[in-house]
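Structure file entry_38.pdb; described as PDB, C-alpha atoms, pLDDT in the B column.
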```pdb
ATOM      1  CA  MET A   1     -20.325  -5.407  10.179  1.00 43.00           C
ATOM      2  CA  ALA A   2     -17.712  -2.741   9.405  1.00 44.00           C
ATOM      3  CA  SER A   3     -18.161  -0.320   6.532  1.00 44.00           C
ATOM      4  CA  MET A   4     -16.855  -1.811   3.306  1.00 42.00           C
ATOM      5  CA  ALA A   5     -14.527   0.019   0.902  1.00 42.00           C
ATOM      6  CA  ALA A   6     -15.643  -2.262  -1.877  1.00 40.00           C
ATOM      7  CA  SER A   7     -18.890  -1.890  -3.741  1.00 41.00           C
ATOM      8  CA  GLU A   8     -19.911  -5.499  -3.222  1.00 42.00           C
ATOM      9  CA  LEU A   9     -21.130  -7.692  -0.388  1.00 44.00           C
ATOM     10  CA  PHE A  10     -21.913 -11.385  -0.302  1.00 43.00           C
ATOM     11  CA  LEU A  11     -24.481 -12.652   2.227  1.00 44.00           C
ATOM     12  CA  ARG A  12     -25.460 -16.245   2.951  1.00 44.00           C
ATOM     13  CA  ILE A  13     -29.106 -16.363   4.001  1.00 42.00           C
ATOM     14  CA  PRO A  14     -31.229 -19.279   5.233  1.00 44.00           C
ATOM     15  CA  SER A  15     -33.797 -20.348   2.699  1.00 43.00           C
ATOM     16  CA  SER A  16     -37.424 -19.639   3.514  1.00 44.00           C
ATOM     17  CA  THR A  17     -38.460 -23.026   2.143  1.00 43.00           C
ATOM     18  CA  SER A  18     -35.954 -25.453   3.651  1.00 42.00           C
ATOM     19  CA  ASN A  19     -33.693 -25.612   6.674  1.00 44.00           C
ATOM     20  CA  SER A  20     -31.092 -27.519   4.693  1.00 40.00           C
ATOM     21  CA  VAL A  21     -30.753 -25.115   1.790  1.00 39.00           C
ATOM     22  CA  SER A  22     -29.183 -21.671   1.871  1.00 41.00           C
ATOM     23  CA  ASN A  23     -29.220 -18.914  -0.683  1.00 44.00           C
ATOM     24  CA  LEU A  24     -26.368 -16.704  -1.775  1.00 45.00           C
ATOM     25  CA  ALA A  25     -27.333 -13.065  -2.186  1.00 45.00           C
ATOM     26  CA  PHE A  26     -25.099 -10.657  -4.069  1.00 44.00           C
ATOM     27  CA  VAL A  27     -25.627  -7.057  -3.078  1.00 44.00           C
ATOM     28  CA  SER A  28     -24.248  -4.277  -5.277  1.00 43.00           C
ATOM     29  CA  GLY A  29     -23.494  -0.888  -3.789  1.00 44.00           C
ATOM     30  CA  CYS A  30     -25.027  -1.736  -0.425  1.00 42.00           C
ATOM     31  CA  GLU A  31     -24.446  -0.150   2.922  1.00 43.00           C
ATOM     32  CA  PRO A  32     -23.562  -2.085   6.111  1.00 45.00           C
ATOM     33  CA  ASN A  33     -26.286  -4.257   7.650  1.00 47.00           C
ATOM     34  CA  PRO A  34     -28.776  -4.266   4.789  1.00 48.00           C
ATOM     35  CA  VAL A  35     -32.118  -6.022   5.051  1.00 47.00           C
ATOM     36  CA  VAL A  36     -32.525  -8.632   2.323  1.00 47.00           C
ATOM     37  CA  LYS A  37     -35.995  -9.636   1.194  1.00 46.00           C
ATOM     38  CA  PHE A  38     -36.875 -12.296  -1.340  1.00 45.00           C
ATOM     39  CA  SER A  39     -39.974 -14.267  -2.238  1.00 44.00           C
ATOM     40  CA  SER A  40     -40.487 -17.767  -0.852  1.00 44.00           C
ATOM     41  CA  GLY A  41     -39.926 -20.717  -3.085  1.00 45.00           C
ATOM     42  CA  SER A  42     -37.402 -18.930  -5.314  1.00 43.00           C
ATOM     43  CA  ARG A  43     -35.239 -21.378  -7.230  1.00 47.00           C
ATOM     44  CA  GLY A  44     -32.357 -20.903  -9.618  1.00 49.00           C
ATOM     45  CA  LEU A  45     -31.329 -17.314 -10.281  1.00 52.00           C
ATOM     46  CA  SER A  46     -33.791 -14.530  -9.501  1.00 52.00           C
ATOM     47  CA  THR A  47     -33.781 -10.787  -8.917  1.00 53.00           C
ATOM     48  CA  ASN A  48     -34.914  -9.463  -5.532  1.00 54.00           C
ATOM     49  CA  LEU A  49     -34.567  -6.300  -3.483  1.00 54.00           C
ATOM     50  CA  VAL A  50     -32.422  -5.184  -0.574  1.00 51.00           C
ATOM     51  CA  SER A  51     -33.942  -2.512   1.662  1.00 52.00           C
ATOM     52  CA  ARG A  52     -31.735  -0.026   3.471  1.00 49.00           C
ATOM     53  CA  GLY A  53     -33.620   2.937   4.810  1.00 53.00           C
ATOM     54  CA  ASN A  54     -35.403   4.399   1.822  1.00 57.00           C
ATOM     55  CA  ARG A  55     -33.121   2.635  -0.644  1.00 59.00           C
ATOM     56  CA  ARG A  56     -34.154  -0.509  -2.516  1.00 59.00           C
ATOM     57  CA  ILE A  57     -31.331  -2.211  -4.328  1.00 54.00           C
ATOM     58  CA  PRO A  58     -31.751  -5.076  -6.826  1.00 57.00           C
ATOM     59  CA  VAL A  59     -29.793  -8.227  -5.996  1.00 55.00           C
ATOM     60  CA  CYS A  60     -29.300 -11.660  -7.509  1.00 55.00           C
ATOM     61  CA  VAL A  61     -30.162 -14.708  -5.403  1.00 55.00           C
ATOM     62  CA  ALA A  62     -28.891 -18.124  -6.451  1.00 54.00           C
ATOM     63  CA  SER A  63     -29.962 -21.484  -5.026  1.00 58.00           C
ATOM     64  CA  ALA A  64     -27.356 -23.544  -3.205  1.00 68.00           C
ATOM     65  CA  GLY A  65     -25.365 -25.690  -5.589  1.00 87.00           C
ATOM     66  CA  VAL A  66     -24.918 -22.907  -8.147  1.00 91.00           C
ATOM     67  CA  ARG A  67     -21.588 -21.225  -7.460  1.00 89.00           C
ATOM     68  CA  HIS A  68     -20.958 -17.666  -8.585  1.00 90.00           C
ATOM     69  CA  PHE A  69     -17.520 -16.043  -8.793  1.00 90.00           C
ATOM     70  CA  ARG A  70     -16.579 -12.384  -9.010  1.00 90.00           C
ATOM     71  CA  GLY A  71     -13.485 -10.338  -8.536  1.00 90.00           C
ATOM     72  CA  SER A  72     -12.868  -8.593  -5.222  1.00 86.00           C
ATOM     73  CA  PHE A  73     -11.944  -5.007  -4.387  1.00 89.00           C
ATOM     74  CA  SER A  74     -10.940  -5.730  -0.807  1.00 86.00           C
ATOM     75  CA  LYS A  75      -8.004  -8.066  -1.471  1.00 82.00           C
ATOM     76  CA  CYS A  76      -5.784  -6.024  -3.772  1.00 88.00           C
ATOM     77  CA  GLN A  77      -2.682  -5.949  -1.602  1.00 87.00           C
ATOM     78  CA  GLY A  78       0.193  -7.648  -3.364  1.00 93.00           C
ATOM     79  CA  LEU A  79      -1.328  -7.484  -6.827  1.00 96.00           C
ATOM     80  CA  ARG A  80       1.073  -6.344  -9.549  1.00 98.00           C
ATOM     81  CA  PHE A  81      -0.037  -4.465 -12.651  1.00 98.00           C
ATOM     82  CA  ALA A  82       1.688  -3.391 -15.840  1.00 98.00           C
ATOM     83  CA  VAL A  83       0.214  -0.472 -17.767  1.00 98.00           C
ATOM     84  CA  VAL A  84       1.149  -0.302 -21.444  1.00 98.00           C
ATOM     85  CA  VAL A  85       0.530   3.227 -22.739  1.00 98.00           C
ATOM     86  CA  ALA A  86       0.700   4.594 -26.285  1.00 98.00           C
ATOM     87  CA  GLN A  87       2.651   7.824 -26.719  1.00 98.00           C
ATOM     88  CA  PHE A  88       0.593   8.811 -29.759  1.00 97.00           C
ATOM     89  CA  ASN A  89      -2.141  11.279 -28.731  1.00 97.00           C
ATOM     90  CA  GLU A  90      -0.273  11.625 -25.449  1.00 97.00           C
ATOM     91  CA  VAL A  91      -2.430  14.567 -24.360  1.00 98.00           C
ATOM     92  CA  VAL A  92      -5.225  11.998 -24.016  1.00 98.00           C
ATOM     93  CA  THR A  93      -3.314   8.914 -22.908  1.00 98.00           C
ATOM     94  CA  LYS A  94      -1.608  10.747 -20.026  1.00 98.00           C
ATOM     95  CA  LEU A  95      -5.020  11.620 -18.607  1.00 98.00           C
ATOM     96  CA  LEU A  96      -6.194   8.018 -19.001  1.00 98.00           C
ATOM     97  CA  LEU A  97      -3.047   6.832 -17.243  1.00 98.00           C
ATOM     98  CA  GLU A  98      -3.580   9.259 -14.368  1.00 98.00           C
ATOM     99  CA  GLY A  99      -7.123   7.970 -13.917  1.00 98.00           C
ATOM    100  CA  ALA A 100      -5.913   4.367 -13.921  1.00 98.00           C
ATOM    101  CA  VAL A 101      -3.131   4.941 -11.385  1.00 98.00           C
ATOM    102  CA  GLU A 102      -5.427   6.895  -9.053  1.00 97.00           C
ATOM    103  CA  THR A 103      -7.939   4.044  -9.156  1.00 97.00           C
ATOM    104  CA  PHE A 104      -5.303   1.409  -8.425  1.00 97.00           C
ATOM    105  CA  LYS A 105      -4.127   3.412  -5.419  1.00 96.00           C
ATOM    106  CA  ARG A 106      -7.703   3.947  -4.220  1.00 95.00           C
ATOM    107  CA  TYR A 107      -8.065   0.169  -3.935  1.00 95.00           C
ATOM    108  CA  SER A 108      -4.808  -0.206  -1.967  1.00 93.00           C
ATOM    109  CA  VAL A 109      -2.533  -1.251  -4.814  1.00 96.00           C
ATOM    110  CA  ARG A 110       0.935  -0.033  -3.876  1.00 96.00           C
ATOM    111  CA  GLU A 111       2.780   2.368  -6.180  1.00 96.00           C
ATOM    112  CA  GLU A 112       5.738  -0.009  -6.356  1.00 97.00           C
ATOM    113  CA  ASP A 113       3.396  -2.690  -7.732  1.00 97.00           C
ATOM    114  CA  ILE A 114       2.427  -0.529 -10.734  1.00 98.00           C
ATOM    115  CA  GLU A 115       4.800  -0.348 -13.699  1.00 98.00           C
ATOM    116  CA  VAL A 116       4.162   1.877 -16.726  1.00 98.00           C
ATOM    117  CA  TRP A 117       5.538   0.917 -20.139  1.00 98.00           C
ATOM    118  CA  TRP A 118       5.388   3.446 -22.988  1.00 98.00           C
ATOM    119  CA  VAL A 119       5.155   2.312 -26.615  1.00 98.00           C
ATOM    120  CA  PRO A 120       5.061   4.485 -29.766  1.00 98.00           C
ATOM    121  CA  GLY A 121       1.400   3.871 -30.671  1.00 97.00           C
ATOM    122  CA  CYS A 122      -1.626   1.635 -30.249  1.00 98.00           C
ATOM    123  CA  PHE A 123      -0.441  -0.792 -32.905  1.00 97.00           C
ATOM    124  CA  GLU A 124       2.552  -1.698 -30.713  1.00 98.00           C
ATOM    125  CA  ILE A 125       0.562  -2.233 -27.509  1.00 98.00           C
ATOM    126  CA  PRO A 126      -0.350  -5.929 -28.012  1.00 98.00           C
ATOM    127  CA  VAL A 127       3.245  -7.025 -28.713  1.00 98.00           C
ATOM    128  CA  LEU A 128       4.545  -5.656 -25.424  1.00 98.00           C
ATOM    129  CA  ALA A 129       1.422  -6.679 -23.492  1.00 98.00           C
ATOM    130  CA  GLN A 130       1.933 -10.318 -24.506  1.00 98.00           C
ATOM    131  CA  LYS A 131       5.644 -10.263 -23.644  1.00 98.00           C
ATOM    132  CA  LEU A 132       4.944  -8.730 -20.242  1.00 98.00           C
ATOM    133  CA  GLY A 133       2.193 -11.242 -19.557  1.00 98.00           C
ATOM    134  CA  LYS A 134       4.515 -14.140 -20.295  1.00 98.00           C
ATOM    135  CA  THR A 135       7.074 -12.953 -17.757  1.00 97.00           C
ATOM    136  CA  GLY A 136       4.747 -14.063 -14.960  1.00 96.00           C
ATOM    137  CA  LYS A 137       5.472 -10.874 -12.994  1.00 97.00           C
ATOM    138  CA  TYR A 138       2.019  -9.309 -13.329  1.00 98.00           C
ATOM    139  CA  ASP A 139      -1.524 -10.192 -12.327  1.00 97.00           C
ATOM    140  CA  ALA A 140      -3.008  -8.116 -15.160  1.00 98.00           C
ATOM    141  CA  ILE A 141      -1.884  -5.898 -18.014  1.00 98.00           C
ATOM    142  CA  LEU A 142      -3.782  -2.662 -18.647  1.00 98.00           C
ATOM    143  CA  CYS A 143      -3.514  -1.374 -22.208  1.00 98.00           C
ATOM    144  CA  ILE A 144      -4.128   2.355 -22.736  1.00 98.00           C
ATOM    145  CA  GLY A 145      -4.264   4.327 -25.971  1.00 98.00           C
ATOM    146  CA  ALA A 146      -6.328   6.683 -28.081  1.00 98.00           C
ATOM    147  CA  VAL A 147      -7.145   6.247 -31.764  1.00 98.00           C
ATOM    148  CA  ILE A 148      -8.871   9.243 -33.348  1.00 97.00           C
ATOM    149  CA  ARG A 149     -10.493   9.087 -36.761  1.00 96.00           C
ATOM    150  CA  GLY A 150      -8.818  11.005 -39.559  1.00 93.00           C
ATOM    151  CA  ASP A 151      -9.386  11.449 -43.286  1.00 91.00           C
ATOM    152  CA  THR A 152      -8.176   7.972 -44.283  1.00 92.00           C
ATOM    153  CA  THR A 153      -8.909   4.357 -43.373  1.00 92.00           C
ATOM    154  CA  HIS A 154      -5.785   4.204 -41.195  1.00 93.00           C
ATOM    155  CA  TYR A 155      -8.051   4.634 -38.155  1.00 94.00           C
ATOM    156  CA  ASP A 156      -9.928   1.407 -38.873  1.00 95.00           C
ATOM    157  CA  ALA A 157      -6.744  -0.605 -39.365  1.00 95.00           C
ATOM    158  CA  VAL A 158      -5.178   0.588 -36.106  1.00 96.00           C
ATOM    159  CA  ALA A 159      -8.355   0.338 -34.000  1.00 96.00           C
ATOM    160  CA  ASN A 160      -9.185  -3.173 -35.198  1.00 96.00           C
ATOM    161  CA  SER A 161      -5.600  -4.382 -34.852  1.00 97.00           C
ATOM    162  CA  ALA A 162      -5.303  -2.981 -31.330  1.00 97.00           C
ATOM    163  CA  ALA A 163      -8.542  -4.603 -30.181  1.00 97.00           C
ATOM    164  CA  SER A 164      -7.823  -8.033 -31.627  1.00 98.00           C
ATOM    165  CA  GLY A 165      -4.186  -7.815 -30.575  1.00 98.00           C
ATOM    166  CA  VAL A 166      -4.954  -7.097 -26.918  1.00 98.00           C
ATOM    167  CA  LEU A 167      -7.385 -10.012 -26.872  1.00 98.00           C
ATOM    168  CA  SER A 168      -4.756 -12.319 -28.398  1.00 98.00           C
ATOM    169  CA  ALA A 169      -2.151 -11.099 -25.894  1.00 98.00           C
ATOM    170  CA  GLY A 170      -4.354 -12.159 -23.009  1.00 98.00           C
ATOM    171  CA  LEU A 171      -5.197 -15.526 -24.542  1.00 97.00           C
ATOM    172  CA  ASN A 172      -1.586 -16.309 -25.462  1.00 98.00           C
ATOM    173  CA  SER A 173      -0.032 -15.191 -22.168  1.00 97.00           C
ATOM    174  CA  GLY A 174      -2.727 -16.475 -19.832  1.00 97.00           C
ATOM    175  CA  VAL A 175      -2.766 -13.099 -18.050  1.00 98.00           C
ATOM    176  CA  PRO A 176      -5.758 -10.744 -18.290  1.00 98.00           C
ATOM    177  CA  CYS A 177      -4.996  -7.979 -20.797  1.00 98.00           C
ATOM    178  CA  ILE A 178      -7.517  -5.167 -20.432  1.00 98.00           C
ATOM    179  CA  PHE A 179      -8.545  -3.058 -23.430  1.00 98.00           C
ATOM    180  CA  GLY A 180      -8.413   0.582 -22.389  1.00 98.00           C
ATOM    181  CA  VAL A 181      -7.950   2.070 -25.864  1.00 98.00           C
ATOM    182  CA  LEU A 182     -10.285   4.883 -26.877  1.00 98.00           C
ATOM    183  CA  THR A 183     -11.579   4.804 -30.451  1.00 97.00           C
ATOM    184  CA  CYS A 184     -13.129   8.203 -31.113  1.00 97.00           C
ATOM    185  CA  ASP A 185     -14.282  10.334 -34.022  1.00 96.00           C
ATOM    186  CA  SER A 186     -12.726  13.537 -32.662  1.00 97.00           C
ATOM    187  CA  MET A 187     -10.314  14.894 -30.078  1.00 97.00           C
ATOM    188  CA  ASP A 188     -13.255  16.354 -28.145  1.00 97.00           C
ATOM    189  CA  GLN A 189     -14.791  12.881 -27.806  1.00 97.00           C
ATOM    190  CA  ALA A 190     -11.475  11.517 -26.555  1.00 97.00           C
ATOM    191  CA  LEU A 191     -10.944  14.267 -23.969  1.00 98.00           C
ATOM    192  CA  ASN A 192     -14.500  13.870 -22.712  1.00 97.00           C
ATOM    193  CA  ARG A 193     -13.642  10.219 -21.980  1.00 97.00           C
ATOM    194  CA  ALA A 194     -10.290  11.025 -20.386  1.00 97.00           C
ATOM    195  CA  GLY A 195     -11.603  12.839 -17.337  1.00 96.00           C
ATOM    196  CA  GLY A 196     -14.153  15.071 -19.048  1.00 96.00           C
ATOM    197  CA  LYS A 197     -17.941  14.958 -19.221  1.00 95.00           C
ATOM    198  CA  VAL A 198     -18.118  11.180 -19.784  1.00 95.00           C
ATOM    199  CA  GLY A 199     -15.699  10.235 -17.012  1.00 96.00           C
ATOM    200  CA  ASN A 200     -12.291   8.618 -17.257  1.00 98.00           C
ATOM    201  CA  LYS A 201     -12.112   5.364 -19.185  1.00 98.00           C
ATOM    202  CA  GLY A 202      -8.629   4.734 -17.826  1.00 98.00           C
ATOM    203  CA  SER A 203     -10.119   4.539 -14.354  1.00 97.00           C
ATOM    204  CA  GLU A 204     -12.835   2.172 -15.558  1.00 97.00           C
ATOM    205  CA  ALA A 205     -10.241  -0.061 -17.222  1.00 98.00           C
ATOM    206  CA  ALA A 206      -8.262  -0.195 -13.966  1.00 98.00           C
ATOM    207  CA  VAL A 207     -11.383  -1.404 -12.141  1.00 97.00           C
ATOM    208  CA  THR A 208     -11.723  -4.172 -14.748  1.00 97.00           C
ATOM    209  CA  ALA A 209      -8.058  -5.091 -14.281  1.00 98.00           C
ATOM    210  CA  ILE A 210      -8.540  -5.409 -10.508  1.00 97.00           C
ATOM    211  CA  GLU A 211     -11.640  -7.571 -10.910  1.00 96.00           C
ATOM    212  CA  MET A 212      -9.955  -9.922 -13.354  1.00 97.00           C
ATOM    213  CA  ALA A 213      -6.722 -10.108 -11.358  1.00 96.00           C
ATOM    214  CA  THR A 214      -8.428 -10.941  -8.067  1.00 95.00           C
ATOM    215  CA  MET A 215     -10.770 -13.460  -9.665  1.00 94.00           C
ATOM    216  CA  CYS A 216      -7.896 -15.307 -11.322  1.00 93.00           C
ATOM    217  CA  ARG A 217      -5.735 -15.238  -8.190  1.00 90.00           C
ATOM    218  CA  GLU A 218      -8.436 -16.240  -5.712  1.00 88.00           C
ATOM    219  CA  HIS A 219     -10.532 -18.676  -7.703  1.00 88.00           C
ATOM    220  CA  ILE A 220      -8.326 -20.080 -10.473  1.00 88.00           C
ATOM    221  CA  GLY A 221      -4.728 -19.748  -9.330  1.00 71.00           C
TER     222      GLY A 221
END
```

Output the structure of this file as structure tokens.
Amino acid sequence: MASMAASELFLRIPSSTSNSVSNLAFVSGCEPNPVVKFSSGSRGLSTNLVSRGNRRIPVCVASAGVRHFRGSFSKCQGLRFAVVVAQFNEVVTKLLLEGAVETFKRYSVREEDIEVWWVPGCFEIPVLAQKLGKTGKYDAILCIGAVIRGDTTHYDAVANSAASGVLSAGLNSGVPCIFGVLTCDSMDQALNRAGGKVGNKGSEAAVTAIEMATMCREHIG
């Protein structure tokens, strides 16, 4: 089996208790040709181990008849994404955007299939996200922004409205709208989550967008 770029592998394994029943093992972060071990008589959903050299990786094993669906990272060609980015706190949102675009490209999404739409602030993100979703041009909409707490309650109003608005945009358009808006108490917290000590949340949101887009395209249509 060739080395996989994705972090997931599905294996169909004969059951140890019946020749007519097979189990589906989901392996996270595995290497090629892992050895899967599970106890006999396992039914339903259980946690077992995959051995690869000195590594032991937990996996989920489901009995035949129970179907499990997940997004794929190996079938991203042709997917189209819109990224809606707030200009407010642009020093943060630009870094989140860079992380998102780099992640899309890492999983073979073409540059011409990524469109970036700038809006004034986080409050405006859901309006455009819903309109873009309804065009039918995109497989997922990634929403990026940064709301930083100040001296008034304005922070709570914007953060809550952005979160509920992005959710509503996805429900109303039928296209996954991914919440990649930081809600932080300080600029330091925001920068730490935009490529700093805590990673890049824009990159993480792009991974979510890929998973949702591939799951909807492959399994729902």

Nearest-residue call for Gly165 of chain A, choices A:Val198, A:Cys122, A:Leu95, A:Leu191, using only C-alpha atoms
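Under the stated criterion, the closest residue is A:Cys122.
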
Expected answer as an MDAnalysis selection string: all residues with atoms within 6 Å of (-3.8, -8.4, -11.9), all atoms listed in the file:
chainID A and resid 79:81 139:140 209:210 213

In Å, with one decimal, what is the gap from atom CA of His219 of chain A to atom CA of Gly99 of chain A?
27.6 Å

Which residue out of A:Pro176, A:Gly71, A:Gly145, A:Gly196 has the minimum interatomic distance to Leu97 of chain A when all atoms listed in the file are used?
A:Gly145

Residue neighbourhood Asp113 of chain A, 10 Å, all atoms listed in the file, exclusion window fewer than 5 positions, as a ChimeraX atom specification:
/A:77-82,104-105,137-138

Length of the atom CA of Gly221 of chain A to atom CA of Val66 of chain A vector [Å]:
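Those two atoms sit 20.5 Å apart.
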
Two-atom distance - atom CA of Ala86 of chain A, atom CA of Val119 of chain A (Å)
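For atom CA of Ala86 of chain A relative to atom CA of Val119 of chain A, the distance reads 5.0 Å.
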
Neighbouring residues of Lys131 of chain A were defined as those with any atom within 12 Å, considering all atoms listed in the file; residues of the same chain fewer than 6 positions away were excluded. Please report them as a ChimeraX atom specification.
/A:82,84,117,124-125,137-138,141,166,168-170,172-175,177

Restricting the calculation to only C-alpha atoms: of A:Ser72, A:Gln87, A:Asn200, A:Ser164, which residue gets closest to Glu102 of chain A?
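Comparing A:Ser72, A:Gln87, A:Asn200, A:Ser164 against Glu102 of chain A, the winner is A:Asn200.
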
List as a PyMOL selection string the protein and nucleic acid residues near Ala205 of chain A, meaning an atom at most 10 Å away when only C-alpha atoms are counted, but skip any in the same chain fewer than 5 places from it.
chain A and resi 96-97+99-100+103+142-144+178-181+200+210-211
